[in-house]
$ cat start.cif   # mmCIF, C-alpha atoms
data_data
#
loop_
_atom_site.label_atom_id
_atom_site.label_comp_id
_atom_site.auth_asym_id
_atom_site.auth_seq_id
_atom_site.Cartn_x
_atom_site.Cartn_y
_atom_site.Cartn_z
CA MET A 1 34.11 0.12 1.19
CA ASN A 2 33.02 -0.66 -2.38
CA PHE A 3 29.61 1.00 -2.69
CA VAL A 4 28.30 -1.16 -5.55
CA GLU A 5 29.45 -4.41 -3.90
CA GLU A 6 27.83 -3.28 -0.63
CA LEU A 7 24.51 -2.65 -2.36
CA LYS A 8 24.70 -5.91 -4.31
CA TRP A 9 24.90 -8.21 -1.28
CA ARG A 10 22.19 -6.18 0.42
CA GLY A 11 19.86 -6.77 -2.56
CA MET A 12 19.64 -3.04 -3.25
CA ILE A 13 20.50 -2.85 -6.96
CA HIS A 14 17.90 -3.17 -9.70
CA ASP A 15 19.56 -1.36 -12.63
CA ILE A 16 23.01 0.13 -12.98
CA MET A 17 24.40 2.01 -15.95
CA PRO A 18 27.66 0.63 -17.41
CA GLY A 19 30.68 2.55 -16.13
CA THR A 20 29.07 3.51 -12.79
CA GLU A 21 31.28 1.26 -10.65
CA GLU A 22 34.41 2.38 -12.49
CA GLN A 23 33.52 6.03 -11.85
CA LEU A 24 33.07 5.37 -8.12
CA GLN A 25 36.40 3.54 -7.88
CA LYS A 26 38.20 6.32 -9.74
CA GLU A 27 37.42 9.24 -7.38
CA MET A 28 35.16 10.64 -4.70
CA THR A 29 31.88 11.13 -6.54
CA SER A 30 28.76 13.15 -5.82
CA ALA A 31 25.38 11.45 -6.29
CA TYR A 32 21.88 12.72 -5.72
CA LEU A 33 18.55 11.21 -4.86
CA GLY A 34 15.25 13.04 -5.07
CA ILE A 35 12.74 13.12 -2.23
CA ASP A 36 9.14 14.16 -2.70
CA PRO A 37 8.24 16.89 -0.15
CA THR A 38 4.45 16.47 -0.23
CA ALA A 39 4.35 15.81 3.55
CA ASP A 40 6.27 17.24 6.52
CA SER A 41 7.66 13.81 7.33
CA LEU A 42 9.28 10.93 5.51
CA HIS A 43 7.66 7.51 5.79
CA ILE A 44 9.42 4.16 5.70
CA GLY A 45 8.89 3.92 1.94
CA HIS A 46 11.55 6.67 1.65
CA LEU A 47 14.07 4.74 3.74
CA VAL A 48 15.47 2.61 0.92
CA GLY A 49 16.69 5.74 -0.88
CA VAL A 50 17.90 7.31 2.36
CA MET A 51 19.89 4.16 3.17
CA MET A 52 21.44 4.28 -0.32
CA LEU A 53 22.65 7.81 0.47
CA LYS A 54 23.91 6.63 3.87
CA HIS A 55 25.93 3.76 2.35
CA PHE A 56 27.19 6.15 -0.33
CA GLN A 57 28.58 8.47 2.34
CA ARG A 58 30.02 5.53 4.30
CA ALA A 59 31.88 4.54 1.13
CA GLY A 60 33.59 7.95 1.10
CA HIS A 61 31.41 9.66 -1.52
CA ARG A 62 29.28 12.79 -1.26
CA PRO A 63 25.49 12.36 -1.01
CA ILE A 64 23.15 15.08 -2.26
CA ALA A 65 19.56 14.90 -1.01
CA LEU A 66 17.32 16.81 -3.39
CA VAL A 67 14.00 17.95 -2.01
CA GLY A 68 11.73 18.29 -5.03
CA GLY A 69 10.08 21.62 -4.28
CA ALA A 70 9.56 22.31 -7.99
CA THR A 71 8.84 18.78 -9.16
CA GLY A 72 6.62 18.29 -6.10
CA MET A 73 4.44 21.09 -7.46
CA ILE A 74 3.86 19.02 -10.61
CA GLY A 75 3.78 15.37 -9.64
CA ASP A 76 5.73 12.45 -11.05
CA PRO A 77 3.60 10.25 -13.33
CA SER A 78 5.67 7.14 -12.51
CA MET A 79 3.55 4.40 -10.94
CA LYS A 80 0.61 6.81 -10.55
CA SER A 81 -2.84 6.47 -12.06
CA GLN A 82 -3.85 10.08 -11.56
CA GLU A 83 -2.42 13.53 -10.92
CA ARG A 84 -1.60 14.64 -7.41
CA ASN A 85 -2.60 17.78 -5.58
CA LEU A 86 -0.22 20.69 -6.02
CA LEU A 87 1.36 22.33 -2.97
CA ASP A 88 2.07 26.00 -2.35
CA GLU A 89 5.55 27.40 -1.70
CA ALA A 90 5.12 27.98 2.05
CA THR A 91 4.01 24.39 2.64
CA LEU A 92 6.88 23.01 0.57
CA LEU A 93 9.47 25.04 2.51
CA LYS A 94 8.00 23.90 5.85
CA ASN A 95 8.11 20.28 4.66
CA GLN A 96 11.73 20.69 3.51
CA GLU A 97 12.90 21.80 6.97
CA ALA A 98 11.16 18.85 8.63
CA ILE A 99 12.64 16.40 6.12
CA LYS A 100 16.17 17.74 6.60
CA ALA A 101 15.92 17.20 10.36
CA GLN A 102 14.98 13.56 9.72
CA LEU A 103 17.73 13.05 7.12
CA ALA A 104 20.30 14.41 9.59
CA LYS A 105 19.83 11.22 11.64
CA PHE A 106 21.18 9.21 8.70
CA LEU A 107 23.58 11.59 6.96
CA ASP A 108 26.40 13.87 8.09
CA PHE A 109 25.51 17.41 6.97
CA ASP A 110 27.55 19.36 9.49
CA SER A 111 31.09 18.05 9.84
CA ASP A 112 34.22 19.33 8.07
CA ALA A 113 34.48 16.12 6.04
CA GLN A 114 35.09 16.54 2.34
CA ASN A 115 32.13 14.28 1.60
CA LYS A 116 29.62 15.88 3.98
CA ALA A 117 26.05 15.63 2.71
CA VAL A 118 24.28 18.47 0.92
CA LEU A 119 20.58 19.30 0.88
CA VAL A 120 19.22 21.15 -2.16
CA ASN A 121 15.76 22.16 -3.35
CA ASN A 122 15.11 22.26 -7.09
CA TYR A 123 12.62 25.08 -6.56
CA GLU A 124 15.64 27.37 -6.10
CA TRP A 125 16.91 26.97 -9.67
CA THR A 126 13.59 26.59 -11.45
CA LYS A 127 11.41 29.31 -9.89
CA ASP A 128 12.89 32.10 -12.04
CA TYR A 129 13.43 30.02 -15.18
CA SER A 130 10.95 31.30 -17.79
CA PHE A 131 8.91 28.81 -19.79
CA LEU A 132 10.26 30.15 -23.09
CA ASN A 133 13.86 29.82 -21.96
CA PHE A 134 13.25 26.35 -20.57
CA ILE A 135 11.74 24.89 -23.74
CA ARG A 136 14.44 26.59 -25.83
CA ASP A 137 17.40 25.59 -23.62
CA ILE A 138 16.26 22.15 -22.46
CA GLY A 139 13.26 20.96 -24.46
CA LYS A 140 15.01 20.99 -27.82
CA TYR A 141 17.54 18.34 -26.76
CA LEU A 142 14.99 15.56 -26.18
CA THR A 143 12.54 14.34 -28.80
CA VAL A 144 8.91 13.59 -28.08
CA ASN A 145 9.56 10.06 -29.43
CA TYR A 146 12.25 9.59 -26.77
CA MET A 147 9.99 10.89 -23.99
CA MET A 148 7.03 8.76 -25.14
CA SER A 149 9.15 5.62 -25.01
CA LYS A 150 9.50 5.83 -21.20
CA ASP A 151 7.56 3.16 -19.29
CA SER A 152 6.06 5.73 -16.91
CA VAL A 153 4.50 7.53 -19.88
CA LYS A 154 3.49 4.43 -21.85
CA LYS A 155 1.70 2.87 -18.87
CA ARG A 156 -0.35 5.99 -18.25
CA LEU A 157 -1.33 6.32 -21.88
CA THR A 158 -2.30 2.68 -22.40
CA THR A 159 -4.04 1.86 -19.10
CA GLU A 160 -7.82 1.84 -19.45
CA SER A 161 -8.39 3.19 -15.93
CA SER A 162 -6.14 6.19 -16.61
CA GLU A 163 -7.62 9.50 -17.65
CA GLY A 164 -4.56 10.16 -19.76
CA MET A 165 -1.73 12.49 -18.89
CA SER A 166 -1.58 16.26 -18.81
CA PHE A 167 1.27 18.16 -20.43
CA THR A 168 2.27 19.17 -16.89
CA GLU A 169 3.03 15.59 -15.93
CA PHE A 170 4.47 14.75 -19.34
CA SER A 171 7.03 17.52 -18.80
CA TYR A 172 8.10 16.03 -15.45
CA GLN A 173 10.98 14.03 -16.93
CA LEU A 174 12.32 17.22 -18.56
CA LEU A 175 12.38 18.95 -15.19
CA GLN A 176 14.06 15.98 -13.50
CA GLY A 177 16.54 15.81 -16.37
CA TYR A 178 17.29 19.50 -15.88
CA ASP A 179 17.88 18.89 -12.16
CA PHE A 180 20.58 16.36 -13.03
CA LEU A 181 22.13 18.77 -15.54
CA PHE A 182 22.10 21.64 -12.98
CA LEU A 183 23.69 19.47 -10.27
CA TYR A 184 26.22 18.13 -12.78
CA GLU A 185 27.32 21.65 -13.69
CA ASN A 186 27.10 23.29 -10.25
CA TYR A 187 27.84 20.47 -7.79
CA GLY A 188 29.94 18.08 -9.92
CA CYS A 189 27.21 15.46 -9.51
CA ARG A 190 27.93 12.42 -11.72
CA LEU A 191 25.34 9.93 -10.49
CA GLN A 192 21.61 9.89 -9.82
CA MET A 193 20.00 7.18 -7.69
CA GLY A 194 16.39 6.26 -7.08
CA GLY A 195 13.76 3.51 -7.11
CA SER A 196 13.43 1.28 -10.16
CA ASP A 197 10.32 3.23 -11.25
CA GLN A 198 12.64 6.25 -11.70
CA TRP A 199 14.93 4.64 -14.29
CA GLY A 200 13.25 6.42 -17.19
CA ASN A 201 13.45 9.84 -15.56
CA ILE A 202 17.07 9.30 -14.47
CA THR A 203 18.26 8.20 -17.91
CA THR A 204 16.53 11.25 -19.40
CA GLY A 205 18.96 13.27 -17.26
CA THR A 206 22.01 11.34 -18.44
CA GLU A 207 20.86 11.79 -22.05
CA LEU A 208 20.35 15.54 -21.58
CA ILE A 209 23.84 15.92 -20.06
CA ARG A 210 25.35 13.98 -22.96
CA LYS A 211 23.51 15.90 -25.68
CA LYS A 212 23.70 19.42 -24.24
CA ILE A 213 27.24 19.58 -22.82
CA GLY A 214 28.86 16.30 -23.92
CA GLY A 215 29.18 15.11 -20.32
CA GLU A 216 29.08 11.57 -18.97
CA ALA A 217 26.68 10.81 -16.13
CA PHE A 218 25.49 7.62 -14.52
CA ALA A 219 22.36 5.99 -13.09
CA LEU A 220 21.65 3.41 -10.39
CA THR A 221 18.28 2.22 -9.10
CA CYS A 222 17.14 -0.05 -6.30
CA PRO A 223 14.21 -2.49 -6.41
CA LEU A 224 10.82 -1.35 -5.17
CA ILE A 225 10.33 -3.03 -1.80
CA THR A 226 7.55 -5.60 -1.55
CA LYS A 227 6.25 -7.90 1.16
CA SER A 228 6.58 -11.67 0.75
CA ASP A 229 2.78 -12.07 0.91
CA GLY A 230 2.32 -9.61 -1.94
CA GLY A 231 1.02 -6.80 0.29
CA LYS A 232 2.25 -3.23 -0.01
CA PHE A 233 5.35 -2.49 2.07
CA GLY A 234 5.05 0.22 4.71
CA LYS A 235 1.26 0.29 4.77
CA THR A 236 -0.75 -0.68 7.84
CA GLU A 237 -4.48 -0.55 8.54
CA SER A 238 -4.01 3.00 9.78
CA GLY A 239 -1.96 4.07 6.74
CA ASN A 240 1.72 4.87 6.24
CA VAL A 241 4.36 4.17 8.89
CA TRP A 242 5.90 7.63 9.38
CA LEU A 243 9.25 8.68 10.82
CA ASP A 244 7.64 11.56 12.73
CA ARG A 245 6.32 10.51 16.15
CA ARG A 246 3.29 12.79 15.69
CA TYR A 247 1.99 10.41 13.02
CA THR A 248 3.48 7.06 14.13
CA SER A 249 4.53 6.69 17.77
CA PRO A 250 7.95 5.12 18.48
CA TYR A 251 6.07 2.17 20.01
CA LYS A 252 4.02 1.58 16.84
CA PHE A 253 7.13 2.10 14.72
CA TYR A 254 9.03 -0.50 16.76
CA GLN A 255 6.10 -2.93 16.62
CA PHE A 256 5.91 -2.64 12.81
CA TRP A 257 9.45 -3.98 12.40
CA LEU A 258 9.11 -6.51 15.20
CA ASN A 259 6.09 -8.09 13.52
CA VAL A 260 7.37 -8.52 9.96
CA SER A 261 7.48 -12.10 8.65
CA ASP A 262 10.66 -14.19 8.84
CA ALA A 263 11.16 -13.97 5.05
CA ASP A 264 10.72 -10.19 5.06
CA ALA A 265 12.91 -9.72 8.16
CA GLU A 266 15.87 -11.44 6.46
CA LYS A 267 15.48 -9.11 3.47
CA TYR A 268 14.74 -5.93 5.43
CA ILE A 269 17.68 -6.20 7.84
CA LYS A 270 20.04 -5.98 4.85
CA ILE A 271 18.20 -3.02 3.31
CA PHE A 272 17.22 -0.89 6.30
CA THR A 273 20.28 -1.19 8.55
CA ALA A 274 24.04 -0.77 8.24
CA ILE A 275 24.73 -4.05 10.09
CA ASP A 276 27.59 -5.88 8.40
CA LYS A 277 27.34 -9.12 6.43
CA GLU A 278 28.93 -11.37 9.08
CA GLU A 279 26.56 -10.25 11.84
CA ILE A 280 23.54 -10.67 9.59
CA GLU A 281 24.67 -14.19 8.65
CA THR A 282 24.98 -15.00 12.38
CA LEU A 283 21.45 -13.69 13.00
CA VAL A 284 20.09 -15.75 10.09
CA ALA A 285 21.72 -18.88 11.54
CA GLU A 286 20.20 -18.11 14.97
CA GLN A 287 16.79 -17.57 13.37
CA ASN A 288 16.97 -20.88 11.50
CA ALA A 289 17.92 -22.69 14.71
CA ALA A 290 15.20 -21.08 16.86
CA PRO A 291 12.68 -19.18 14.70
CA HIS A 292 10.29 -18.67 17.64
CA LEU A 293 12.86 -16.37 19.31
CA ARG A 294 12.79 -14.04 16.26
CA PRO A 295 16.36 -12.70 16.65
CA ILE A 296 16.33 -10.98 13.24
CA GLN A 297 13.10 -9.10 13.92
CA LYS A 298 14.31 -8.01 17.36
CA ARG A 299 17.63 -6.75 16.01
CA LEU A 300 15.97 -5.06 13.02
CA ALA A 301 13.42 -3.31 15.24
CA GLN A 302 16.15 -2.19 17.65
CA GLU A 303 18.52 -0.88 14.98
CA ILE A 304 15.97 1.10 13.01
CA THR A 305 14.05 2.48 16.02
CA VAL A 306 17.31 3.80 17.53
CA MET A 307 18.34 5.27 14.18
CA VAL A 308 15.02 7.03 13.51
CA HIS A 309 14.09 7.92 17.10
CA SER A 310 16.58 7.27 19.94
CA GLN A 311 17.94 4.64 22.30
CA GLU A 312 15.55 5.93 24.98
CA ASP A 313 12.55 5.58 22.64
CA TYR A 314 13.62 2.05 21.75
CA GLU A 315 13.92 1.06 25.43
CA ALA A 316 10.54 2.64 26.18
CA ALA A 317 8.98 0.71 23.27
CA VAL A 318 10.43 -2.58 24.54
CA GLU A 319 9.15 -1.82 28.04
CA ALA A 320 5.72 -0.93 26.65
CA SER A 321 5.65 -4.23 24.75
CA GLN A 322 6.34 -6.10 28.01
CA ILE A 323 3.19 -4.60 29.52
CA LEU A 324 0.98 -6.41 27.06
CA PHE A 325 3.05 -9.55 26.50
CA GLY A 326 5.19 -9.96 29.62
CA GLY A 327 5.18 -9.61 33.37
CA SER A 328 5.90 -5.90 33.66
CA THR A 329 5.18 -3.74 36.70
CA SER A 330 2.72 -0.99 37.50
CA GLU A 331 5.65 1.45 37.49
CA ALA A 332 6.29 0.67 33.81
CA LEU A 333 2.60 1.20 33.06
CA LYS A 334 2.54 4.57 34.82
CA LYS A 335 5.52 5.78 32.77
CA LEU A 336 3.63 5.45 29.46
CA ASP A 337 2.53 8.63 27.76
CA GLU A 338 -1.08 8.73 26.55
CA THR A 339 -0.28 8.05 22.88
CA THR A 340 1.77 4.94 23.69
CA LEU A 341 -0.81 3.71 26.20
CA LEU A 342 -3.55 3.93 23.57
CA ASP A 343 -1.29 2.30 20.96
CA VAL A 344 -0.41 -0.59 23.27
CA PHE A 345 -4.05 -1.25 24.12
CA SER A 346 -5.61 -0.28 20.79
CA GLY A 347 -6.98 -3.79 20.23
CA VAL A 348 -8.48 -4.41 23.68
CA PRO A 349 -12.11 -3.78 24.69
CA GLN A 350 -12.68 -0.24 25.95
CA PHE A 351 -15.45 1.07 28.16
CA GLU A 352 -16.37 4.58 29.25
CA ILE A 353 -17.06 5.23 32.91
CA SER A 354 -18.10 8.35 34.83
CA LYS A 355 -15.14 10.20 36.29
CA GLU A 356 -17.43 11.97 38.71
CA SER A 357 -18.55 8.66 40.20
CA LEU A 358 -14.95 7.90 41.19
CA THR A 359 -14.62 11.04 43.31
CA GLU A 360 -15.92 9.29 46.43
CA GLY A 361 -14.69 5.89 45.30
CA VAL A 362 -16.59 2.91 43.88
CA LYS A 363 -16.36 -0.73 44.93
CA SER A 364 -14.40 -2.57 42.26
CA VAL A 365 -17.07 -5.27 42.05
CA ASP A 366 -19.66 -2.63 41.17
CA LEU A 367 -17.34 -0.77 38.80
CA PHE A 368 -16.29 -3.85 36.80
CA VAL A 369 -19.73 -5.44 36.56
CA GLU A 370 -22.28 -2.62 36.51
CA SER A 371 -20.40 0.47 35.24
CA ALA A 372 -18.18 -1.44 32.79
CA PRO A 373 -19.08 -5.04 31.83
CA VAL A 374 -15.63 -6.52 32.37
CA PHE A 375 -17.31 -9.44 34.18
CA PRO A 376 -20.75 -10.88 33.38
CA SER A 377 -21.64 -11.25 37.08
CA LYS A 378 -20.45 -10.25 40.55
CA GLY A 379 -20.19 -13.92 41.51
CA GLU A 380 -17.73 -14.63 38.70
CA MET A 381 -15.65 -11.60 39.60
CA ARG A 382 -15.49 -12.50 43.31
CA LYS A 383 -14.41 -16.02 42.39
CA MET A 384 -11.63 -14.78 40.08
CA VAL A 385 -10.37 -12.22 42.61
CA GLN A 386 -10.11 -14.98 45.24
CA SER A 387 -7.94 -17.06 42.87
CA GLY A 388 -5.67 -14.02 42.24
CA GLY A 389 -6.69 -13.62 38.61
CA VAL A 390 -7.65 -9.93 38.55
CA SER A 391 -5.29 -6.94 38.38
CA VAL A 392 -5.90 -3.19 38.25
CA ASN A 393 -3.10 -1.17 36.66
CA LYS A 394 -0.85 -4.26 36.87
CA GLU A 395 -1.40 -4.68 40.64
CA LYS A 396 -3.31 -7.68 42.00
CA LEU A 397 -6.80 -6.96 43.30
CA THR A 398 -6.97 -8.50 46.77
CA THR A 399 -10.67 -7.96 47.51
CA PRO A 400 -13.68 -7.37 45.23
CA ASP A 401 -14.87 -4.63 47.59
CA MET A 402 -11.74 -2.50 47.22
CA LEU A 403 -12.61 1.13 46.52
CA ILE A 404 -11.40 2.54 43.23
CA ASP A 405 -11.15 6.35 43.13
CA THR A 406 -9.61 8.99 40.86
CA SER A 407 -6.15 8.39 42.36
CA TYR A 408 -6.05 5.11 40.41
CA LEU A 409 -6.47 6.80 37.04
CA LEU A 410 -3.49 6.67 34.70
CA GLY A 411 -2.91 10.10 33.22
CA ASN A 412 -6.00 11.19 35.19
CA LYS A 413 -8.13 9.34 32.64
CA TYR A 414 -7.47 5.59 32.22
CA LEU A 415 -7.85 2.41 34.25
CA LEU A 416 -6.38 -0.90 33.06
CA VAL A 417 -8.12 -4.08 34.18
CA GLN A 418 -6.56 -7.49 33.57
CA LYS A 419 -8.61 -10.68 33.78
CA GLY A 420 -6.45 -13.78 33.77
CA LYS A 421 -3.15 -13.69 31.88
CA LYS A 422 -4.18 -12.29 28.53
CA ASN A 423 -7.51 -10.46 28.78
CA TYR A 424 -7.20 -6.71 29.14
CA PHE A 425 -9.86 -4.01 29.37
CA LEU A 426 -9.26 -0.27 29.21
CA LEU A 427 -11.67 1.92 31.13
CA ILE A 428 -11.81 5.57 30.10
CA ALA A 429 -13.07 8.03 32.70
CA LYS A 430 -15.01 10.96 31.25
#

$ encode --input "start.cif" --output "structure tokens"
Amino acid sequence: MNFVEELKWRGMIHDIMPGTEEQLQKEMTSAYLGIDPTADSLHIGHLVGVMMLKHFQRAGHRPIALVGGATGMIGDPSMKSQERNLLDEATLLKNQEAIKAQLAKFLDFDSDAQNKAVLVNNYEWTKDYSFLNFIRDIGKYLTVNYMMSKDSVKKRLTTESSEGMSFTEFSYQLLQGYDFLFLYENYGCRLQMGGSDQWGNITTGTELIRKKIGGEAFALTCPLITKSDGGKFGKTESGNVWLDRRYTSPYKFYQFWLNVSDADAEKYIKIFTAIDKEEIETLVAEQNAAPHLRPIQKRLAQEITVMVHSQEDYEAAVEASQILFGGSTSEALKKLDETTLLDVFSGVPQFEISKESLTEGVKSVDLFVESAPVFPSKGEMRKMVQSGGVSVNKEKLTTPDMLIDTSYLLGNKYLLVQKGKKNYFLLIAK
């Protein structure tokens, strides 16, 4: 597999330094990509870089994932309007372990293959490097004029809303350049990859390698991912879409990909999956013929949910989706864990009821009119029950006088009432 050609048709190349493709065709090459460890989980904004590493390994080369323990303590000025909070060593190490576990789903770290992936942390080679030695050994090779010419620096210094830039952040590109030099000398790393906003920092590294040791190194960046409507990719009303289920449930994760627009789906399936060109072209043809069936979104959501979570999580997410949008059973509803249940019904009206009142049982007509205003009147409820339009926990209510007790509670806490085909109400017993 030709790595550069693969990235080109997937729309994953923004800038590439001359000679990069020739280097990759000449021999197995090591390349690194930096990951910011400011959280104990990656979010989907990181996935473009992770997929670049995945394709790199598929092409027979060796990927190096660099967790920026040192640079994460400083903060990259690229695309930022202000400085970030600094993290302590213990937090950074904890975050690194969590990130490696997530990366292992995309990269082979453990086999005997010659190109097995490597995880490094730049804190290891910078923590004992004295300031005096650093500015003597590294700083003297790059002029201030050169560093000031970088877009990331110029934008911060010329934007009115910016408060300027501290020396700490200004020195970031030196540290990233030193990372490239260290990996070049100790890991034979010839290429650095990243987002297009990293071009300046990456080329600082290639310049440092050239000036200090006369070496030749290369750079490749991918475009920053955008949404077709101009909105920010990977952001929802509740914030980032995370890879860790503690922050974004597999159901919500699946739903995010399922609900992207047609234009975005066609772009994302190339970037965020390893599906080959022919299959994607077939899916695009199917989508054009019957856009309402959304074959690209379904395949995208399946592929990436299985990759990040598991086949079981994907199947559970599909089943959970059927509860709200299809004719699923009460058994499927009872299988949902609390997080998924609340995610599925996050947009429906919710009412609190007394759990104690259910101990002896309450007539459903009293519960759904007086305790929780699902129906405006008992007459309307009786009428709808007679026509078969009311369900409790996905089972038809046969009489308005049926007693509802604590045995009906899902997870000993919830009751799902359905009025007609599409109107749901979640009752929470407290």

$ resolve_selection --input "start.cif" --expression "the PyMOL selection byres ((chain A and resi 318-335) around 6)" --output "ChimeraX atom specification"
/A:315-317,336,393-394

$ closest_residue --input "start.cif" --among "A:Ser130, A:Thr339, A:Gln173, A:Asn240" --to "Met148 (chain A)" --atoms "all atoms listed in the file"
A:Gln173

$ residues_near_point --input "start.cif" --point "(-17.8, 6.0, 46.9)" --cutoff "12 Å" --atoms "only C-alpha atoms" --output "count of residues only"
18

$ resolve_selection --input "start.cif" --expression "the PyMOL selection byres ((chain A and resi 388) around 12)" --output "list in words"
Met381, Arg382, Lys383, Met384, Val385, Gln386, Ser387, Gly389, Val390, Ser391, Val392, Glu395, Lys396, Leu397, Thr398, Thr399, Pro400, Gln418, Lys419, Gly420 and Lys421 of chain A

$ closest_atom_pairs --input "start.cif" --of "region 169-264 of chain A" --to "region 93-101 of chain A" --cutoff "12 Å" --atoms "all atoms listed in the file" --output "Markdown table"
| residue | atom | partner | partner_atom | distance |
| --- | --- | --- | --- | --- |
| A:Trp242 | CA | A:Ile99 | CA | 11.5 |
| A:Leu243 | CA | A:Ile99 | CA | 9.7 |
| A:Asp244 | CA | A:Ala98 | CA | 9.1 |

$ resolve_selection --input "start.cif" --expression "the PyMOL selection byres ((chain A and resi 144) around 12)" --output "ChimeraX atom specification"
/A:139-143,145-150,153,167,170-171,173-174,204

$ write_last_selection --input "start.cif" --atoms "C-alpha atoms" --output "short mmCIF file (atom, residue, chain, number, x, y, z; two decimals), keeping the file's coordinate frame"
data_model
loop_
_atom_site.label_atom_id
_atom_site.label_comp_id
_atom_site.auth_asym_id
_atom_site.auth_seq_id
_atom_site.Cartn_x
_atom_site.Cartn_y
_atom_site.Cartn_z
CA GLY A 139 13.26 20.96 -24.46
CA LYS A 140 15.01 20.99 -27.82
CA TYR A 141 17.54 18.34 -26.76
CA LEU A 142 14.99 15.56 -26.18
CA THR A 143 12.54 14.34 -28.80
CA ASN A 145 9.56 10.06 -29.43
CA TYR A 146 12.25 9.59 -26.77
CA MET A 147 9.99 10.89 -23.99
CA MET A 148 7.03 8.76 -25.14
CA SER A 149 9.15 5.62 -25.01
CA LYS A 150 9.50 5.83 -21.20
CA VAL A 153 4.50 7.53 -19.88
CA PHE A 167 1.27 18.16 -20.43
CA PHE A 170 4.47 14.75 -19.34
CA SER A 171 7.03 17.52 -18.80
CA GLN A 173 10.98 14.03 -16.93
CA LEU A 174 12.32 17.22 -18.56
CA THR A 204 16.53 11.25 -19.40
#

$ atom_distance --input "start.cif" --atom1 "CA of Gly205 (chain A)" --atom2 "CA of Glu124 (chain A)"
18.3 Å

$ closest_residue --input "start.cif" --among "A:Glu216, A:Glu370, A:Glu266, A:Glu286" --to "Gln192 (chain A)" --atoms "all atoms listed in the file"
A:Glu216

$ atom_distance --input "start.cif" --atom1 "CA of Arg210 (chain A)" --atom2 "CA of Leu181 (chain A)"
9.4 Å

$ closest_residue --input "start.cif" --among "A:Phe109, A:Tyr32, A:Tyr247, A:Tyr268" --to "Asp179 (chain A)" --atoms "only C-alpha atoms"
A:Tyr32

$ atom_distance --input "start.cif" --atom1 "CA of Ser261 (chain A)" --atom2 "CA of Leu341 (chain A)"
25.0 Å

$ residues_near_point --input "start.cif" --point "(-15.0, -3.4, 32.9)" --cutoff "9 Å" --atoms "all atoms listed in the file" --output "ChimeraX atom specification"
/A:349-353,367-375,416-417,425-427

$ residues_around --input "start.cif" --residues "Glu6 (chain A)" --least-positions-apart "3" --cutoff "12 Å" --atoms "all atoms listed in the file" --output "ChimeraX atom specification"
/A:1-3,9-13,21,51-52,54-56,58-59,270-271,274-277

$ axis_aligned_box --input "start.cif" --around "region 8-11 of chain A" --padding-each-side "3 Å" --output "lines of an AutoDock Vina configuration file"
center_x = 22.4
center_y = -7.1
center_z = -1.9
size_x = 11.0
size_y = 8.3
size_z = 10.7
